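Novice: Please find model39.txt (compact mmCIF, C-alpha atoms) on the next line:
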```
# COMPACT_ATOMS: atom_id res chain seq x y z
CA MET A 1 82.17 53.64 109.61
CA SER A 2 83.50 50.67 111.55
CA TYR A 3 85.74 48.31 109.56
CA GLU A 4 89.02 46.41 109.85
CA ILE A 5 92.03 46.28 107.52
CA ALA A 6 93.54 42.82 106.97
CA ILE A 7 96.84 42.18 105.15
CA PRO A 8 97.81 38.52 104.72
CA SER A 9 101.54 38.34 104.01
CA TYR A 10 104.09 35.55 103.60
CA LYS A 11 107.86 36.07 103.33
CA ARG A 12 107.37 39.67 102.21
CA ALA A 13 108.03 41.85 105.24
CA GLY A 14 110.36 44.09 103.24
CA ILE A 15 107.91 44.48 100.36
CA LEU A 16 105.06 45.20 102.76
CA ALA A 17 107.17 47.92 104.40
CA LYS A 18 107.81 49.54 101.00
CA ALA A 19 104.38 49.07 99.43
CA THR A 20 101.05 48.50 101.18
CA ILE A 21 101.89 50.00 104.57
CA PRO A 22 103.12 53.37 103.21
CA THR A 23 100.21 53.40 100.74
CA LEU A 24 97.72 52.96 103.59
CA LEU A 25 99.40 55.58 105.77
CA ARG A 26 99.60 58.03 102.87
CA LEU A 27 95.83 57.59 102.47
CA GLY A 28 95.22 58.31 106.14
CA ALA A 29 94.63 54.78 107.45
CA ASP A 30 94.19 54.37 111.19
CA LYS A 31 97.03 52.11 112.37
CA LYS A 32 94.75 50.59 115.01
CA ARG A 33 92.55 49.11 112.28
CA ILE A 34 95.46 47.34 110.55
CA THR A 35 96.33 43.70 111.24
CA ILE A 36 99.13 41.93 109.39
CA TRP A 37 98.37 38.19 109.22
CA VAL A 38 101.47 36.01 108.94
CA ALA A 39 101.97 32.26 108.47
CA ASN A 40 103.78 31.03 111.58
CA LEU A 41 105.95 31.94 114.57
CA ASP A 42 109.12 32.35 112.50
CA GLU A 43 107.33 34.78 110.23
CA LEU A 44 105.95 36.63 113.24
CA VAL A 45 109.51 37.16 114.48
CA ASN A 46 110.62 38.42 111.05
CA TYR A 47 107.73 40.85 110.75
CA ARG A 48 108.23 42.10 114.30
CA GLN A 49 111.85 42.84 113.41
CA GLN A 50 110.61 44.85 110.44
CA PHE A 51 107.74 46.73 112.11
CA GLY A 52 108.32 46.52 115.86
CA ASP A 53 105.11 47.21 117.76
CA GLU A 54 103.81 49.75 115.26
CA PHE A 55 101.10 47.41 113.93
CA ASN A 56 99.09 44.47 115.17
CA ILE A 57 100.68 41.29 113.77
CA GLU A 58 98.93 37.95 114.24
CA ILE A 59 99.65 34.36 113.22
CA ALA A 60 97.19 32.86 110.73
CA GLN A 61 98.20 30.08 108.30
CA VAL A 62 100.28 29.57 105.16
CA GLY A 63 98.43 30.46 101.96
CA LYS A 64 96.10 33.31 101.15
CA VAL A 65 92.92 31.22 101.21
CA ASN A 66 93.90 29.55 104.48
CA ALA A 67 94.86 32.89 106.01
CA GLN A 68 91.54 34.46 104.98
CA ARG A 69 89.54 31.60 106.41
CA PHE A 70 91.51 31.89 109.64
CA TYR A 71 91.14 35.62 110.17
CA HIS A 72 87.50 35.63 109.07
CA LYS A 73 86.88 33.60 112.25
CA ARG A 74 88.92 36.00 114.37
CA TYR A 75 86.75 39.02 113.59
CA ALA A 76 83.17 39.20 114.83
CA THR A 77 80.79 37.78 112.21
CA GLY A 78 79.61 40.49 109.85
CA THR A 79 82.53 42.84 110.51
CA PRO A 80 83.40 44.77 107.32
CA ILE A 81 86.95 43.81 106.26
CA LEU A 82 89.08 45.74 103.80
CA ASN A 83 91.57 43.15 102.51
CA LEU A 84 94.81 44.16 100.79
CA ASP A 85 97.76 42.32 99.27
CA ASP A 86 101.14 43.24 100.70
CA ASP A 87 102.48 44.74 97.44
CA ILE A 88 100.12 47.65 96.76
CA TYR A 89 102.41 50.54 95.84
CA ASN A 90 99.63 53.01 95.13
CA ILE A 91 95.95 53.48 94.31
CA GLN A 92 95.15 55.63 91.29
CA GLU A 93 91.99 56.87 89.63
CA LYS A 94 90.79 57.57 86.12
CA ASP A 95 91.59 61.01 84.71
CA GLY A 96 90.30 61.03 81.15
CA GLU A 97 92.31 58.31 79.43
CA LYS A 98 95.14 58.68 81.93
CA LEU A 99 95.59 58.01 85.64
CA LYS A 100 96.17 60.33 88.55
CA GLU A 101 96.70 59.88 92.27
CA TYR A 102 93.59 58.75 94.14
CA GLU A 103 92.31 61.92 95.81
CA GLY A 104 90.33 60.28 98.61
CA THR A 105 91.28 58.51 101.81
CA ILE A 106 91.27 54.79 102.53
CA ALA A 107 88.32 55.39 104.87
CA GLN A 108 86.35 57.02 102.04
CA LEU A 109 87.15 54.11 99.74
CA ALA A 110 85.90 51.62 102.32
CA GLU A 111 82.79 53.69 102.98
CA ILE A 112 81.87 53.83 99.28
CA GLY A 113 82.41 50.11 98.71
CA PHE A 114 80.51 48.91 101.75
CA ALA A 115 77.72 51.48 101.32
CA VAL A 116 76.98 50.25 97.79
CA CYS A 117 77.06 46.66 99.04
CA GLU A 118 74.57 47.45 101.78
CA LYS A 119 72.19 49.16 99.35
CA SER A 120 72.42 46.49 96.66
CA GLY A 121 72.54 43.36 98.82
CA ALA A 122 76.04 42.48 97.60
CA ARG A 123 78.66 41.18 100.05
CA LEU A 124 81.83 41.72 98.00
CA TRP A 125 83.33 44.80 96.38
CA GLY A 126 86.61 45.68 94.72
CA ILE A 127 88.34 48.02 92.28
CA ASN A 128 89.39 47.69 88.64
CA PRO A 129 92.43 45.40 88.29
CA VAL A 130 93.83 47.18 85.20
CA ALA A 131 96.13 50.18 85.70
CA ASN A 132 95.17 51.86 82.42
CA GLY A 133 92.90 54.91 82.31
CA TYR A 134 91.62 53.95 78.86
CA PHE A 135 89.92 50.84 80.26
CA LEU A 136 88.59 52.41 83.45
CA LYS A 137 85.12 54.00 83.68
CA ASP A 138 83.69 56.82 85.81
CA THR A 139 81.16 54.42 87.30
CA ILE A 140 80.44 51.84 89.97
CA THR A 141 78.98 48.59 88.61
CA VAL A 142 76.62 46.26 90.48
CA GLY A 143 76.27 42.86 88.81
CA LEU A 144 79.05 40.46 87.84
CA ARG A 145 82.57 41.73 87.32
CA TYR A 146 85.89 40.17 88.31
CA ILE A 147 86.86 41.32 91.81
CA CYS A 148 90.63 41.08 91.93
CA GLY A 149 92.15 39.87 95.19
CA ASN A 150 94.61 42.73 95.64
CA ILE A 151 92.13 45.22 97.16
CA TYR A 152 88.60 44.19 98.09
CA GLY A 153 86.00 44.39 100.82
CA ASN A 154 83.80 41.69 102.31
CA TYR A 155 82.37 40.65 105.68
CA ALA A 156 83.77 38.37 108.37
CA GLY A 157 82.32 34.89 108.06
CA ASP A 158 81.49 35.41 104.37
CA PRO A 159 80.25 32.04 102.99
CA ALA A 160 81.93 32.88 99.66
CA VAL A 161 85.25 32.55 101.49
CA MET A 162 84.40 30.05 104.22
CA GLY A 163 82.30 27.53 102.29
CA GLU A 164 83.35 24.53 100.21
CA ARG A 165 85.40 25.55 97.19
CA VAL A 166 86.25 24.03 93.82
CA THR A 167 89.93 25.00 93.77
CA GLU A 168 92.66 24.32 96.28
CA GLY A 169 95.30 26.82 97.34
CA SER A 170 95.45 30.47 96.30
CA SER A 171 95.65 30.17 92.50
CA GLY A 172 92.38 31.47 91.08
CA ASP A 173 91.11 32.32 94.57
CA ASP A 174 89.76 35.76 93.64
CA TYR A 175 87.92 34.40 90.60
CA GLU A 176 86.24 31.73 92.70
CA THR A 177 85.37 34.16 95.49
CA THR A 178 83.83 36.50 92.89
CA LEU A 179 81.74 33.72 91.35
CA ARG A 180 80.65 32.28 94.69
CA SER A 181 79.69 35.71 96.02
CA TYR A 182 77.66 36.47 92.89
CA ILE A 183 75.81 33.16 93.11
CA LEU A 184 75.17 33.45 96.84
CA ASN A 185 74.15 37.11 96.90
CA GLY A 186 73.02 37.98 93.38
CA SER A 187 75.70 40.58 92.67
CA VAL A 188 79.14 41.95 93.42
CA VAL A 189 80.26 45.59 93.30
CA ARG A 190 83.19 47.02 91.37
CA ILE A 191 84.45 50.58 91.63
CA ASP A 192 85.43 51.06 88.00
CA TYR A 193 87.39 54.32 88.28
CA LEU A 194 90.07 53.12 90.73
CA CYS A 195 92.96 50.70 90.20
CA PRO A 196 95.97 49.43 92.16
CA ILE A 197 99.59 49.94 91.25
CA THR A 198 101.08 46.51 91.86
CA LYS A 199 103.00 43.74 90.11
CA TYR A 200 101.06 40.60 89.27
CA PHE A 201 102.78 37.23 89.67
CA ALA A 202 105.65 38.77 91.66
CA GLU A 203 108.00 36.55 93.68
CA GLY A 204 107.17 35.65 97.26
CA GLY A 205 103.59 35.48 98.49
CA ILE A 206 101.74 32.86 96.45
CA ASP A 207 105.01 31.75 94.82
CA ALA A 208 106.45 30.99 98.25
CA GLU A 209 103.21 29.30 99.32
CA LEU A 210 103.28 26.98 96.30
CA LYS A 211 106.91 26.08 96.83
CA ALA A 212 106.09 25.20 100.44
CA ARG A 213 103.52 22.76 98.98
CA GLY A 214 106.10 21.33 96.56
CA ILE A 215 104.73 23.15 93.50
CA GLU A 216 107.46 24.88 91.46
CA ASP A 217 105.49 26.12 88.43
CA ARG A 218 103.00 28.79 89.45
CA GLN A 219 101.66 29.32 85.94
CA THR A 220 100.76 25.64 85.60
CA ASP A 221 99.01 25.66 88.96
CA HIS A 222 97.17 28.86 88.01
CA GLN A 223 96.02 27.37 84.70
CA LYS A 224 94.81 24.23 86.45
CA ALA A 225 92.67 26.34 88.79
CA LEU A 226 91.19 28.35 85.92
CA PHE A 227 90.23 25.21 84.00
CA GLU A 228 88.58 23.84 87.15
CA LEU A 229 86.57 27.03 87.59
CA ALA A 230 85.50 27.14 83.95
CA ASP A 231 84.27 23.55 84.29
CA ALA A 232 82.45 24.30 87.55
CA TYR A 233 80.79 27.54 86.36
CA PRO A 234 80.29 27.04 82.58
CA ASP A 235 77.51 29.63 82.32
CA LEU A 236 79.55 32.34 84.03
CA ALA A 237 83.22 31.74 83.20
CA LYS A 238 85.32 30.73 80.19
CA THR A 239 89.07 30.37 79.71
CA TYR A 240 90.90 32.26 76.97
CA THR A 241 94.54 32.88 76.05
CA LYS A 242 95.89 36.42 76.23
CA SER A 243 98.19 37.88 73.56
CA ASN A 244 101.23 37.02 75.70
CA GLY A 245 100.22 33.34 75.67
CA ILE A 246 99.05 33.27 79.30
CA LEU A 247 95.75 31.56 80.06
CA ASN A 248 93.13 33.71 81.76
CA LEU A 249 89.49 33.50 82.82
CA ARG A 250 86.74 35.74 81.45
CA LEU A 251 83.60 36.15 83.52
CA LYS A 252 80.22 36.78 81.93
CA THR A 253 79.45 40.51 81.93
CA ILE A 254 76.26 41.11 83.91
CA THR A 255 75.22 44.69 84.69
CA GLN A 256 72.32 45.29 87.05
CA ILE A 257 73.04 48.86 88.18
CA LYS A 258 75.45 51.56 86.98
CA LEU A 259 76.20 54.32 89.48
CA SER A 260 78.08 57.50 88.67
CA LYS A 261 81.39 58.24 90.32
CA PRO A 262 80.62 60.13 93.55
```
Output the file's structure as structure tokens, nothing else.

Specialist:
Amino acid sequence: MSYEIAIPSYKRAGILAKATIPTLLRLGADKKRITIWVANLDELVNYRQQFGDEFNIEIAQVGKVNAQRFYHKRYATGTPILNLDDDIYNIQEKDGEKLKEYEGTIAQLAEIGFAVCEKSGARLWGINPVANGYFLKDTITVGLRYICGNIYGNYAGDPAVMGERVTEGSSGDDYETTLRSYILNGSVVRIDYLCPITKYFAEGGIDAELKARGIEDRQTDHQKALFELADAYPDLAKTYTKSNGILNLRLKTITQIKLSKP
């Protein structure tokens, strides 16, 4: 199938070179599909020093939301886009209550996600955010599930990304995109048997974006965004505190279709 791979990245050229790029290449990604979207000319120079001419590198804007909105206008409207964070060290799949290496290719992953979207009318798909085989399922769910922003597919010009949003900046972005896509299209798609190997709330990326905006405390900014979303979508989202004391957002569980793992 025809699709593009977009990687927004900010001050993480070294991490990208150790994580997402080797993960994609290990899974057979076509280099010609990959575009690394950076924040400015200085960042372009840094990333060129890291990667040379091996990949297409383009200037977007600072911040994940801003970068997405920028590159969504650079692709032809309706183009399927596989979006990845820059710190994806691996993709794994459920094996009983454990995890094993994902046995497919990145092209097969994209094909499954976009095919289910096309059949169901959804415009957003993703994988399970939790790297724990006990919590994964051998299914694909169509309905409402949290679509984490580390690996997901949508379409260029997607109103869930481009339209007016409740939150500012990148904190809570994936929650809001999930909710907006569900409301606009009636469902989202989650591949329940796959998960990323990554580190949430790592330095750089959103941390660097917030500091550029004069915000030093990422957790406080994240909590603010979650409260705003819970207020804006009271029937679909509620805040709760995890056992480690960190505030999180729980989306209403809505299941319309359950598909078996292909």

Novice: Could you check which residues have any atom within 12 Å of (88.0, 55.8, 86.3), counting all atoms listed in the file with coordinates taken straight from the file, and then list them as an MDAnalysis selection string?

Specialist: chainID A and resid 91:102 127:141 190:196 260:262

Novice: Choose the residue, out of A:Glu111, A:Asp30, A:Glu164, A:Asp85, that has the smallest atom-to-atom separation from A:Phe55; count all atoms listed in the file.

Specialist: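 Nearest to A:Phe55: A:Asp30.
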
Novice: Using all atoms listed in the file, tabulate the residues of stretch 162-183 of chain A lying at most 10 Å from any atom of stretch 237-246 of chain A, each with its closest atom pair and that distance in Å to one decimal, by chain and increasing residue number, as a Markdown table.

Specialist:
```
| residue | atom | partner | partner_atom | distance |
| --- | --- | --- | --- | --- |
| A:Tyr175 | CA | A:Ala237 | CA | 9.2 |
| A:Glu176 | CA | A:Ala237 | CA | 10.0 |
| A:Leu179 | CA | A:Ala237 | CA | 8.5 |
```

Novice: Which residue gives the smallest distance to A:Val65 among A:Asp174, A:Asp235, A:Glu228, A:Glu103, with only C-alpha atoms counted?

Specialist: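 Ranked by minimum distance to A:Val65, first place goes to A:Asp174.
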
Novice: I'd like to know which of A:Ile257, A:Ile81, A:Val62, A:Ala13 is closest to A:Ile151, using only C-alpha atoms.

Specialist: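 Of A:Ile257, A:Ile81, A:Val62, A:Ala13, the one nearest A:Ile151, counting only C-alpha atoms, is A:Ile81.
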
Novice: Any idea what's packed within 9 Å of A:Leu24, counting only C-alpha atoms, ignoring anything in its chain fewer than 5 positions away? Could you give it as a PDB file with C-alpha atoms, in the coordinates of the input?

Specialist:
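Once written, around.pdb looks like this:
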```pdb
ATOM      1  CA  ALA A  19     104.380  49.070  99.430  1.00  0.00           C
ATOM      2  CA  ALA A  29      94.630  54.780 107.450  1.00  0.00           C
ATOM      3  CA  ASP A  30      94.190  54.370 111.190  1.00  0.00           C
ATOM      4  CA  LYS A  31      97.030  52.110 112.370  1.00  0.00           C
ATOM      5  CA  ILE A  88     100.120  47.650  96.760  1.00  0.00           C
ATOM      6  CA  ASN A  90      99.630  53.010  95.130  1.00  0.00           C
ATOM      7  CA  THR A 105      91.280  58.510 101.810  1.00  0.00           C
ATOM      8  CA  ILE A 106      91.270  54.790 102.530  1.00  0.00           C
TER       9      ILE A 106
END
```
